[in-house]
Amino acid sequence: MTAAVVVVFCLYYVYFKTPYFEITQVDVAGNVLYKKDYIIEQSHVDEGERLFSVDRAKVKENLEKEIYVESARVVYELPNKIYIEIKERVENYQIHYNNEYIVTDKSGIALRTSAEKNDLLTIESLTDVLYNIGNTAEFAGIDNINNIFDTIEYLKGEFGSETIKGITACKDNSVMINTEYGTVIRIKLGEDIKYQIVFAMKIINERLNNNLTVASGLIDFTKGDSPVYIEDYKMEDYNE
């Protein structure tokens, strides 16, 4: 019992009465857009405070309030350091709506707006877009925005990043995909996306192999159980 008391007393003395556990350094990793000093400032970790008095969950919460911080990890490094690792959001897409471009990450989180178009893949919208910076953008009539991004990622993964040149969100839970061949594919988001894309690409390849035009065609999966191929379609007919 005496030995235990002595140990507790020693630990108490070392922690509270000596500078041994006073923070002398905060290391930051993963930051590209944010400067180290800014991350430290927003973490509210101060040099000189006791290591274990730092609430790591609170530091994580503080940092993840930043628009471009996707996640943060905070670690005690004995005896007197804090290590912060952040993962930043990357600009992946731009939504064109109401004469402005809403720049988003891969999950549809709105990061900023711009009056100018950049080199990101553009999502045109034929329906209302609701957004707040830092939150996921929403399209009226689109049940789940993630289906749009899943469609893009599947096309890029299976057929190459050059295959998709643009995408248009429609009011009826469907999207129109502009392909490198000039053919537009209109798919239903509430149904098997992969099946529709593979079927559409098969139609395009078959037409190419048979020397048939594809540059101004539309493959429409929204008109019934089977896709409809429309030659020389006009986009204004689908502004709905």
# chains A, B, ... in the order shown; residues from 1 in each chain; ligands from 1
>>> residues_around(residues="A:Thr136", least_positions_apart="5", cutoff="10 Å", atoms="only C-alpha atoms", output="ChimeraX atom specification")
/A:104-105,107-111,130-131,145-146
>>> residues_around(residues="A:Glu64", least_positions_apart="5", cutoff="10 Å", atoms="only C-alpha atoms", output="list in words")
Gln42, Ser43, Lys58, Val59, Val69, Glu70, Ser71, Ala72, Arg73, Ile86, Lys87 and Glu88 of chain A
>>> closest_residue(among="A:Met201, A:Leu212, A:Leu155, A:Ile142", to="A:Lys188", atoms="only C-alpha atoms")
A:Ile142
>>> residues_around(residues="A:Val26", least_positions_apart="3", cutoff="7 Å", atoms="only C-alpha atoms", output="list in words")
Lys81, Ile82 and Tyr83 of chain A
>>> write_last_selection(atoms="N, CA, C and O atoms", output="PDB file, in the first residue's frame")
ATOM      1  N   LYS A  81       4.386  16.147 -26.857  1.00  0.00           N
ATOM      2  CA  LYS A  81       4.062  16.565 -28.217  1.00  0.00           C
ATOM      3  C   LYS A  81       2.638  16.140 -28.590  1.00  0.00           C
ATOM      4  O   LYS A  81       2.124  15.146 -28.082  1.00  0.00           O
ATOM      5  N   ILE A  82       2.055  16.914 -29.499  1.00  0.00           N
ATOM      6  CA  ILE A  82       0.767  16.571 -30.101  1.00  0.00           C
ATOM      7  C   ILE A  82       0.992  16.395 -31.600  1.00  0.00           C
ATOM      8  O   ILE A  82       1.639  17.234 -32.245  1.00  0.00           O
ATOM      9  N   TYR A  83       0.451  15.320 -32.139  1.00  0.00           N
ATOM     10  CA  TYR A  83       0.558  15.059 -33.581  1.00  0.00           C
ATOM     11  C   TYR A  83      -0.833  15.159 -34.188  1.00  0.00           C
ATOM     12  O   TYR A  83      -1.772  14.487 -33.740  1.00  0.00           O
TER      13      TYR A  83
END
>>> atom_distance(atom1="atom CA of A:Gly190", atom2="atom CA of A:Asn173")
7.0 Å
>>> select_by_dssp(residues="stretch 24-214 of chain A", states="strand (DSSP E or B)", output="ChimeraX atom specification")
/A:25-29,50,69-77,81-88,93-97,100-104,109-114,121-125,129-130,136,138-139,164-169,174-179,184-188
>>> residues_around(residues="A:Gly224", least_positions_apart="4", cutoff="12 Å", atoms="only C-alpha atoms", output="ChimeraX atom specification")
/A:187-188,219-220,228-229
>>> select_by_dssp(residues="stretch 23-78 of chain A", states="helix (DSSP H, G or I)", output="list of chain:residue names")
A:Lys36, A:Asp37, A:Tyr38, A:Ile39, A:Ile40, A:Glu41, A:Gln42, A:Ser43, A:Leu51, A:Phe52, A:Ser53, A:Arg56, A:Ala57, A:Lys58, A:Val59, A:Lys60, A:Glu61, A:Asn62, A:Leu63
>>> residues_around(residues="stretch 174-184 of chain A", least_positions_apart="2", cutoff="9 Å", atoms="only C-alpha atoms", output="mmCIF file with C-alpha atoms, in the first residue's frame")
data_model
loop_
_atom_site.group_PDB
_atom_site.id
_atom_site.type_symbol
_atom_site.label_atom_id
_atom_site.label_comp_id
_atom_site.auth_asym_id
_atom_site.auth_seq_id
_atom_site.Cartn_x
_atom_site.Cartn_y
_atom_site.Cartn_z
ATOM 1 C CA GLY A 141 -36.012 15.477 -58.260
ATOM 2 C CA ILE A 142 -32.824 13.479 -57.673
ATOM 3 C CA ILE A 148 -24.694 10.662 -59.746
ATOM 4 C CA ILE A 152 -19.309 8.999 -62.892
ATOM 5 C CA GLU A 162 -11.890 10.294 -71.066
ATOM 6 C CA THR A 163 -15.169 8.478 -71.726
ATOM 7 C CA ILE A 164 -17.316 10.966 -69.853
ATOM 8 C CA LYS A 165 -17.236 14.564 -71.014
ATOM 9 C CA GLY A 166 -20.077 15.956 -68.955
ATOM 10 C CA ILE A 167 -23.281 15.072 -67.167
ATOM 11 C CA THR A 168 -26.699 16.687 -66.840
ATOM 12 C CA ALA A 169 -29.056 16.177 -63.898
ATOM 13 C CA CYS A 170 -32.751 16.004 -64.835
ATOM 14 C CA LYS A 171 -35.870 16.462 -62.734
ATOM 15 C CA ASP A 172 -37.116 12.887 -62.955
ATOM 16 C CA ARG A 186 -29.818 8.917 -70.389
ATOM 17 C CA ILE A 187 -30.184 6.552 -67.438
ATOM 18 C CA LYS A 188 -32.573 6.069 -64.536
ATOM 19 C CA LEU A 189 -30.775 6.566 -61.228
ATOM 20 C CA GLY A 190 -33.272 4.471 -59.293
ATOM 21 C CA ILE A 204 -22.253 2.357 -79.126
ATOM 22 C CA VAL A 214 -22.977 7.749 -83.050
ATOM 23 C CA ALA A 215 -21.909 11.401 -82.867
ATOM 24 C CA SER A 216 -25.349 12.907 -82.311
ATOM 25 C CA GLY A 217 -27.354 10.014 -80.917
ATOM 26 C CA LEU A 218 -29.188 9.512 -77.639
ATOM 27 C CA ILE A 219 -29.581 6.170 -75.876
ATOM 28 C CA ASP A 220 -32.559 6.642 -73.564
ATOM 29 C CA THR A 222 -36.203 6.295 -69.360
#
>>> closest_residue(among="A:Thr127, A:Asn147, A:Asn210, A:Gln94", to="A:Glu191", atoms="only C-alpha atoms")
A:Asn147
>>> closest_residue(among="A:Asn62, A:Thr122, A:Asn31, A:Asn80", to="A:Glu49", atoms="only C-alpha atoms")
A:Asn80
>>> closest_residue(among="A:Ile133, A:Asn205, A:Lys117, A:Gln25", to="A:Lys65", atoms="only C-alpha atoms")
A:Ile133
>>> atom_distance(atom1="atom CA of A:Ala115", atom2="atom CA of A:Ile95")
11.4 Å
>>> residues_around(residues="A:Glu41", least_positions_apart="5", cutoff="12 Å", atoms="only C-alpha atoms", output="ChimeraX atom specification")
/A:26,28,34-36,46-47,59,62-63
>>> write_last_selection(atoms="C-alpha atoms", output="CSV table (one decimal), in the first residue's frame")
chain,number,residue,atom,x,y,z
A,26,VAL,CA,2.6,20.4,-32.3
A,28,VAL,CA,0.9,18.7,-38.4
A,34,TYR,CA,-3.9,24.9,-45.0
A,35,LYS,CA,-0.7,26.3,-43.5
A,36,LYS,CA,0.6,24.5,-40.4
A,46,ASP,CA,-1.3,25.8,-26.8
A,47,GLU,CA,2.3,25.2,-26.1
A,59,VAL,CA,-9.5,19.3,-31.4
A,62,ASN,CA,-12.6,22.0,-34.3
A,63,LEU,CA,-10.5,21.1,-37.3
>>> closest_residue(among="A:Phe221, A:Tyr68, A:Tyr154, A:Tyr233", to="A:Phe199", atoms="only C-alpha atoms")
A:Phe221
>>> atom_distance(atom1="atom CA of A:Asn132", atom2="atom CA of A:Arg112")
9.2 Å
